[in-house]
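Before any comments, here is the structure.
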Amino acid sequence: MAVAVIGGLLGPFAPAAVAAPVVPGTPAAATPDRTDGTPLPAVWPRPQRIKASGQSVQLGTEVTVLAGADADPYAVDALGTLLRDAGVRTVHDALPGRGPVIRMGGTGAGQALRALRAPERADLPSGGYRIAVGRVADRPTVALDGIGEDGLFHGVQTLRQLVTDGTVAGAVVRDWPGTTVRGMAEGFYGQPWTSEERLAQIGFMGRTKQNRYLYAAGDDPYRQARWREPYPAGMRADFRELAAKARAEHVTLGWAVSPGQAMCMASDADVRALTRKVDAMWALGVRAYQLQFQDVSYSEWHCDLDAETFGSGPEAAARAQARVASALARHLADRHPDAEPLSVMPTEYYQDGATDYRTALAAALDDRVQVAWTGVGVVPKTITGKELAGARATFRRPLVTMDNYPVNDYAQDRIFLGPYTGRDPAVAIGSAALLANAMEQSSASRIPLFTAADFAWNPKGYRSQESWRAAIDDLAGGDADTRAALHALAGNSATSVLGGVESAYLQPLFAGFWASRTTGNTAGRDNAAARLRAAFTVMRQAPERLSTPADGRLEDEVRPWSEQLARYGRAGELAVDLLQAQARGDGAAAWQAQLALEPLRKKIEASGATVGKGVLDPFLDRVREEADSWNGTDRDTGTVHRDTSSYTIRLDRARPVEAVTTITRPAEAPGAVLEAHVPGEGWRGLGPLSAAGWTQTPTKGLRADALRVTVPSARPVLVGPSAPGVMGEPPLATGPAAASTAVHGLVPWFGDEPAARLDLVRGETDAVIGGGTQRVEARLAGGRPSEVKGALTAKAPKGIEVTVPKQTTVPRGARTGVPVDITVPADTPAGEYEVPLSFGGEESTLTVRAFPRTAGADLVRTATASSSGDETPDFPASAASDGDPATRWSSPVEDSAWWQAELPGPVRLGQVVLQWQDAHASRYRVQVSADGRTWRTAATVREGGGGRESVRMDAKDTRFIRIQADSRATQYGYSLWSVEAYAVAE
Ligand SMILES: [Ca+2]
């Protein structure tokens, strides 16, 4: 009996990058095709067929591995690593052996698979494999077989993920690659990856079943201007090592050369120089080649012979490129018949349709050459199967899709960590190869690249969000804190040209936080604040918690972004603390948080790294607005005057002042004093100011026409921009300016103004007579240094019913929305009704327009549509009346464009419903006519918001309806998905 101790015969203990531990805890996704309730561990890339079946197998410390005679040695090595990581210490390689039996390939595996009722091998393509787990002849057995050179290796990658705590889950798997060639390109401009980074990346590729690595470093001269020269010895050694690693991971090493800037294309000597370089790269282990012409100019040759031979222009360039490519293809076929097909990256690699250049290239290119493209567009948001088919028809060759995601060399403030999206499965299945272009940040690239590999393996089963979470967990490893930090970094770097939602996981926390602040439920508010604050804490701690992934390389790569994330995290914690302190009435603590927040926001602004784009800054801006509102510093209370020793607010008249809020920067205002100017008396001291900088001074009974803070020991300080919330002239450019910067706010709270300001979000509303309830929101903004309680009252005129809440509490500084419900009973005559609303003496009027009820079918569907003009024949007037939500009318860029429907007969028109595209009207009229010549305005919309808009009217004798636009809301024309019209119910 032969016994091998793990670590000996079965190869060395692999580095972590090759065999990442199975992440404990909740799997990132449920695996499909389960037939019972037994949970299977998640497997990535998602297998085509996997289901729970048979009994799971506990590996223990001894197993018997029976490998077929021709079993791939790299797969056997990978199995050895897997077993060692699972706790196996002794491996027997012949029967009877001990422990469970693992059969790898050969007839033994085939019989065991059959016994375990695995699906038939049938037409599994190369790279496919089968696994079955259970008991055979009363012995725990795991059976694997694979198709082609790498099938067994892929099977071991799946088996690794089926092992949890030393137990192989009972499962049967039948799996195969959906894309024959799949992988990545190192093609970015910038610092090429180090040898160490490339080796680690190849290990990652093996684990994720990718099989092509194309070296195309944007800043490598030896594949561009100096392509003739051999690589220096050190780089040659690196290529050799890389090729060996690639073989072990079943990855084909490719090399791209871009000779166009320094080549005489007609010269046989130059073609020989190119084939010599290709031979040299072959000797280093390169097995796939790409010839790149994307940077070639059509008006410039690099030798006279080219001009004589090819002429000039796009077709000449195509013929020249085809000559070189075809010569190289012939050379490869003769000298290296095992080489993968040559691909050419043409000069026109991203355009749509046929062009002179593309047609000429397709005609002249050797049939063996594949053509590379990037989709339609250099970084396309989507790539469709139709676009692929179009490009394939144009080039008449198999296409290598070189997808420019997640590469970020064109947006260096960003790292793109969102999942791969927007590519039709047909693009993967129909491409000769699908390669994703990586970022300079190699380890960080693995998040999007993991998802791209998942998509390429199983395009139809791909679910981007599940894949994305798994990708993050895979890179993070097993530590929960590291995982949380990496989820935060990726979650705030999730958008790109491909789309995505930035900070998606934070947005519900923001929404919950804001909503909790208006409910009056203190426990709910504190709970929402604590949850949001915890998310910010994870962000703050990100830099120190990312030290382990990718052997420490990730930490260095993403430092600018993780540090920016940490600044936002700290700022977010302070922002929550600030508003929470205000909510419990602790202005001093809130001001401390606000003081700490300001310099942090300056640092955030100064950073060149962008995270949480469009989400985190708006959150912090809103916090500042709410804080200013609570402090009252957003209120216009008087005219500000500053000089070196005092900060004064002059009121427009002598007014009763109930309290004064004073906010100073404590370090700059030692000994500051608050005073009020009382008519007939002069300046009167109002008491000391708090050393913490935030003071609220009760002044009941005070009548003043000015207030001031004086800083007696004014000392020179640096002049900065005026403090937020303080209106007035900018600070002095020279000299001491203590009071200018020392005072952040001086806010009198008046006794002679309403307790709360009242306004309506919309001052008018349409309501249907005898219809349902219409809700309008009234807004209250507190005008007191404490919460304001009161009742909103409505004086409903006869015929209109209005319901408002009995009691409303407006917290200090907060805006509160109060619902106002309007109902118009069936017997109310049509017309305009005024509803005066009041709260604490503040009044506002709501106009209710009562319209008759409508009924019946949409009249526009039987109408004839026309317009003042269509943008193109693709967007005709009839597209707004066709009932198809996917078609639209679009006008030229013209303010006064119109759309019109001619009805079969006259109606009493009651309602028009418009569905605008983004290009909508901000102002328009609904006009009606009996004859199409004389028009009258039935309704005017002055603040059109786009989207779906319902407009009511009562227009008798209407045969023609015209949407007469007056003002465009965007730089484009007008565009309507649909128009509907309904008649008044008679
Ligand atoms: Ca339509």
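Chain labels run A, B, ... following the order of the structure tokens; each chain numbers its residues from 1, and ligands are numbered from 1 in the order shown.
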
Per residue of chain A within 7 Å of ligand 1, note the shortest atom pair and the distance in Å to one decimal, counting only C-alpha atoms and all ligand atoms, and order the rows by chain and increasing residue number, as a Markdown table.
| residue | atom | partner | partner_atom_place_in_ligand_line | distance |
| --- | --- | --- | --- | --- |
| A:Ala879 | CA | ligand 1 | 1 (Ca) | 4.4 |
| A:Ala880 | CA | ligand 1 | 1 (Ca) | 4.3 |
| A:Ser881 | CA | ligand 1 | 1 (Ca) | 6.0 |
| A:Asp882 | CA | ligand 1 | 1 (Ca) | 5.2 |
| A:Gly883 | CA | ligand 1 | 1 (Ca) | 5.4 |
| A:Asp884 | CA | ligand 1 | 1 (Ca) | 4.2 |
| A:Pro885 | CA | ligand 1 | 1 (Ca) | 4.6 |
| A:Ala886 | CA | ligand 1 | 1 (Ca) | 5.7 |
| A:Thr887 | CA | ligand 1 | 1 (Ca) | 3.9 |
| A:Arg888 | CA | ligand 1 | 1 (Ca) | 4.6 |
| A:Trp977 | CA | ligand 1 | 1 (Ca) | 4.5 |
| A:Ser978 | CA | ligand 1 | 1 (Ca) | 4.8 |

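Every protein or nucleic acid residue with an atom no more than 10 Å from A:Thr451, counting only C-alpha atoms and leaving out same-chain residues fewer than 5 positions away, appears here: Trp44, Pro45, Thr208, Gly418, Pro419, Tyr420, Thr421, Arg446, Ala456, Trp457, Tyr462, Arg463, Ser464, Gln465, Glu466, Ser467, Trp468, Arg469, Ala470, Ala471 and Ile472 of chain A.
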
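Taking the backbone of this structure through DSSP, the residues of stretch 226-255 of chain A that come out as strand (DSSP E or B) are Thr252, Leu253, Gly254 and Trp255 of chain A.
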
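The nearest approach to A:Val251 among the residues A:Gly841, A:Gly375, A:Pro230, A:Gly203, with only C-alpha atoms taken into account, belongs to A:Gly203.
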
> Which neighbours of A:Gln412 fall inside 12 Å, counting only C-alpha atoms, when residues of the same chain fewer than 6 positions from it are skipped, and could you give them as a list in words?
Replying inline: Phe188, Tyr189, Gly190, Pro406, Met439, Glu440, Gln441, Val558, Pro560, Trp561, Gly608, Ala609, Thr610 and Val611 of chain A

Keeping only N, CA and C atoms, write the selected residues as a JSON list (two decimals), in the first residue's frame.
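The file below, part-v5.json, is the result:
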[["chain", "number", "residue", "atom", "x", "y", "z"],
["A", 188, "PHE", "N", -4.41, 48.30, -19.45],
["A", 188, "PHE", "CA", -4.56, 49.69, -19.04],
["A", 188, "PHE", "C", -3.27, 50.49, -19.26],
["A", 189, "TYR", "N", -3.45, 51.80, -19.41],
["A", 189, "TYR", "CA", -2.30, 52.72, -19.39],
["A", 189, "TYR", "C", -1.98, 53.03, -17.94],
["A", 190, "GLY", "N", -0.71, 53.00, -17.59],
["A", 190, "GLY", "CA", -0.33, 53.24, -16.20],
["A", 190, "GLY", "C", 0.77, 52.26, -15.84],
["A", 406, "PRO", "N", -13.33, 46.42, -15.93],
["A", 406, "PRO", "CA", -13.45, 47.64, -15.12],
["A", 406, "PRO", "C", -12.33, 48.66, -15.31],
["A", 439, "MET", "N", -8.26, 46.88, -14.16],
["A", 439, "MET", "CA", -7.74, 48.16, -13.68],
["A", 439, "MET", "C", -6.26, 48.00, -13.30],
["A", 440, "GLU", "N", -5.60, 49.13, -13.14],
["A", 440, "GLU", "CA", -4.23, 49.10, -12.62],
["A", 440, "GLU", "C", -4.21, 48.44, -11.23],
["A", 441, "GLN", "N", -5.31, 48.60, -10.47],
["A", 441, "GLN", "CA", -5.42, 47.99, -9.14],
["A", 441, "GLN", "C", -5.79, 46.52, -9.33],
["A", 558, "VAL", "N", -5.82, 50.42, -2.91],
["A", 558, "VAL", "CA", -7.05, 51.20, -2.75],
["A", 558, "VAL", "C", -6.92, 52.28, -1.67],
["A", 560, "PRO", "N", -6.00, 55.46, -1.45],
["A", 560, "PRO", "CA", -6.67, 56.77, -1.60],
["A", 560, "PRO", "C", -8.18, 56.66, -1.41],
["A", 561, "TRP", "N", -8.78, 55.58, -1.85],
["A", 561, "TRP", "CA", -10.23, 55.43, -1.77],
["A", 561, "TRP", "C", -10.66, 54.97, -0.38],
["A", 608, "GLY", "N", -8.24, 63.51, -4.16],
["A", 608, "GLY", "CA", -8.44, 63.16, -5.58],
["A", 608, "GLY", "C", -9.20, 61.86, -5.77],
["A", 609, "ALA", "N", -9.66, 61.26, -4.68],
["A", 609, "ALA", "CA", -10.35, 59.97, -4.79],
["A", 609, "ALA", "C", -11.84, 60.17, -4.60],
["A", 610, "THR", "N", -12.63, 59.58, -5.48],
["A", 610, "THR", "CA", -14.09, 59.71, -5.40],
["A", 610, "THR", "C", -14.72, 58.41, -4.92],
["A", 611, "VAL", "N", -15.51, 58.50, -3.87],
["A", 611, "VAL", "CA", -16.34, 57.37, -3.42],
["A", 611, "VAL", "C", -17.73, 57.91, -3.09]]

> Which is closest to A:Arg212 among A:Leu417, A:Arg276, A:Ala433, A:Gly831, if we use only C-alpha atoms?
Replying inline: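 Answer, going by the shortest atom-to-atom distance: A:Ala433.
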
> Could you write out, as a list in words, all the residues of stretch 340-381 of chain A that DSSP marks as helix (DSSP H, G or I)?
Replying inline: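 After running DSSP on the backbone, stretch 340-381 of chain A has helix (DSSP H, G or I) at Asp356, Tyr357, Arg358, Thr359, Ala360, Leu361, Ala362, Ala363 and Ala364 of chain A.
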
Output N, CA and C atoms for every residue in that selection, as an mmCIF file, in the first residue's frame.
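Contents of the output file part-v1.cif:
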data_model
loop_
_atom_site.group_PDB
_atom_site.id
_atom_site.type_symbol
_atom_site.label_atom_id
_atom_site.label_comp_id
_atom_site.auth_asym_id
_atom_site.auth_seq_id
_atom_site.Cartn_x
_atom_site.Cartn_y
_atom_site.Cartn_z
ATOM 1 N N ASP A 356 -15.718 51.820 -44.955
ATOM 2 C CA ASP A 356 -14.750 51.466 -46.001
ATOM 3 C C ASP A 356 -13.614 50.644 -45.400
ATOM 4 N N TYR A 357 -13.133 51.099 -44.252
ATOM 5 C CA TYR A 357 -12.008 50.419 -43.611
ATOM 6 C C TYR A 357 -12.380 48.992 -43.207
ATOM 7 N N ARG A 358 -13.520 48.859 -42.530
ATOM 8 C CA ARG A 358 -13.905 47.535 -42.021
ATOM 9 C C ARG A 358 -14.170 46.559 -43.168
ATOM 10 N N THR A 359 -14.817 47.060 -44.200
ATOM 11 C CA THR A 359 -15.116 46.197 -45.343
ATOM 12 C C THR A 359 -13.819 45.743 -46.020
ATOM 13 N N ALA A 360 -12.882 46.682 -46.173
ATOM 14 C CA ALA A 360 -11.606 46.342 -46.831
ATOM 15 C C ALA A 360 -10.810 45.360 -45.976
ATOM 16 N N LEU A 361 -10.833 45.554 -44.672
ATOM 17 C CA LEU A 361 -10.085 44.654 -43.784
ATOM 18 C C LEU A 361 -10.672 43.236 -43.866
ATOM 19 N N ALA A 362 -12.011 43.162 -43.807
ATOM 20 C CA ALA A 362 -12.666 41.852 -43.857
ATOM 21 C C ALA A 362 -12.327 41.128 -45.159
ATOM 22 N N ALA A 363 -12.222 41.880 -46.268
ATOM 23 C CA ALA A 363 -11.962 41.263 -47.561
ATOM 24 C C ALA A 363 -10.531 40.732 -47.663
ATOM 25 N N ALA A 364 -9.588 41.418 -47.013
ATOM 26 C CA ALA A 364 -8.173 41.111 -47.237
ATOM 27 C C ALA A 364 -7.562 40.199 -46.173
#

> Neighbours of A:Ala528 within 7 Å (only C-alpha atoms; same-chain residues fewer than 3 positions away dropped), as a list in words?
Replying inline: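 Contacts, in chain order: Gly512, Phe513, Ser516, Gly524, Arg525, Arg531 and Leu532 of chain A.
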
Preceding selection exported with N, CA and C atoms as a PDB file, in the first residue's frame:
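Contents of part-v3.pdb, freshly written:
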ATOM      1  N   GLY A 512     -34.355  55.890   6.322  1.00  0.00           N
ATOM      2  CA  GLY A 512     -34.897  55.573   7.640  1.00  0.00           C
ATOM      3  C   GLY A 512     -34.534  56.635   8.665  1.00  0.00           C
ATOM      4  N   PHE A 513     -33.313  57.132   8.558  1.00  0.00           N
ATOM      5  CA  PHE A 513     -32.834  58.159   9.479  1.00  0.00           C
ATOM      6  C   PHE A 513     -33.662  59.432   9.327  1.00  0.00           C
ATOM      7  N   SER A 516     -37.287  58.969  10.467  1.00  0.00           N
ATOM      8  CA  SER A 516     -37.459  58.797  11.914  1.00  0.00           C
ATOM      9  C   SER A 516     -37.451  60.141  12.639  1.00  0.00           C
ATOM     10  N   GLY A 524     -37.522  55.130  18.084  1.00  0.00           N
ATOM     11  CA  GLY A 524     -37.347  54.827  16.667  1.00  0.00           C
ATOM     12  C   GLY A 524     -36.256  55.694  16.059  1.00  0.00           C
ATOM     13  N   ARG A 525     -36.231  56.959  16.465  1.00  0.00           N
ATOM     14  CA  ARG A 525     -35.227  57.880  15.962  1.00  0.00           C
ATOM     15  C   ARG A 525     -33.827  57.437  16.402  1.00  0.00           C
ATOM     16  N   ARG A 531     -28.214  52.681  13.718  1.00  0.00           N
ATOM     17  CA  ARG A 531     -27.927  51.810  12.575  1.00  0.00           C
ATOM     18  C   ARG A 531     -27.105  52.547  11.524  1.00  0.00           C
ATOM     19  N   LEU A 532     -27.481  53.792  11.269  1.00  0.00           N
ATOM     20  CA  LEU A 532     -26.727  54.567  10.282  1.00  0.00           C
ATOM     21  C   LEU A 532     -25.314  54.836  10.785  1.00  0.00           C
TER      22      LEU A 532
END
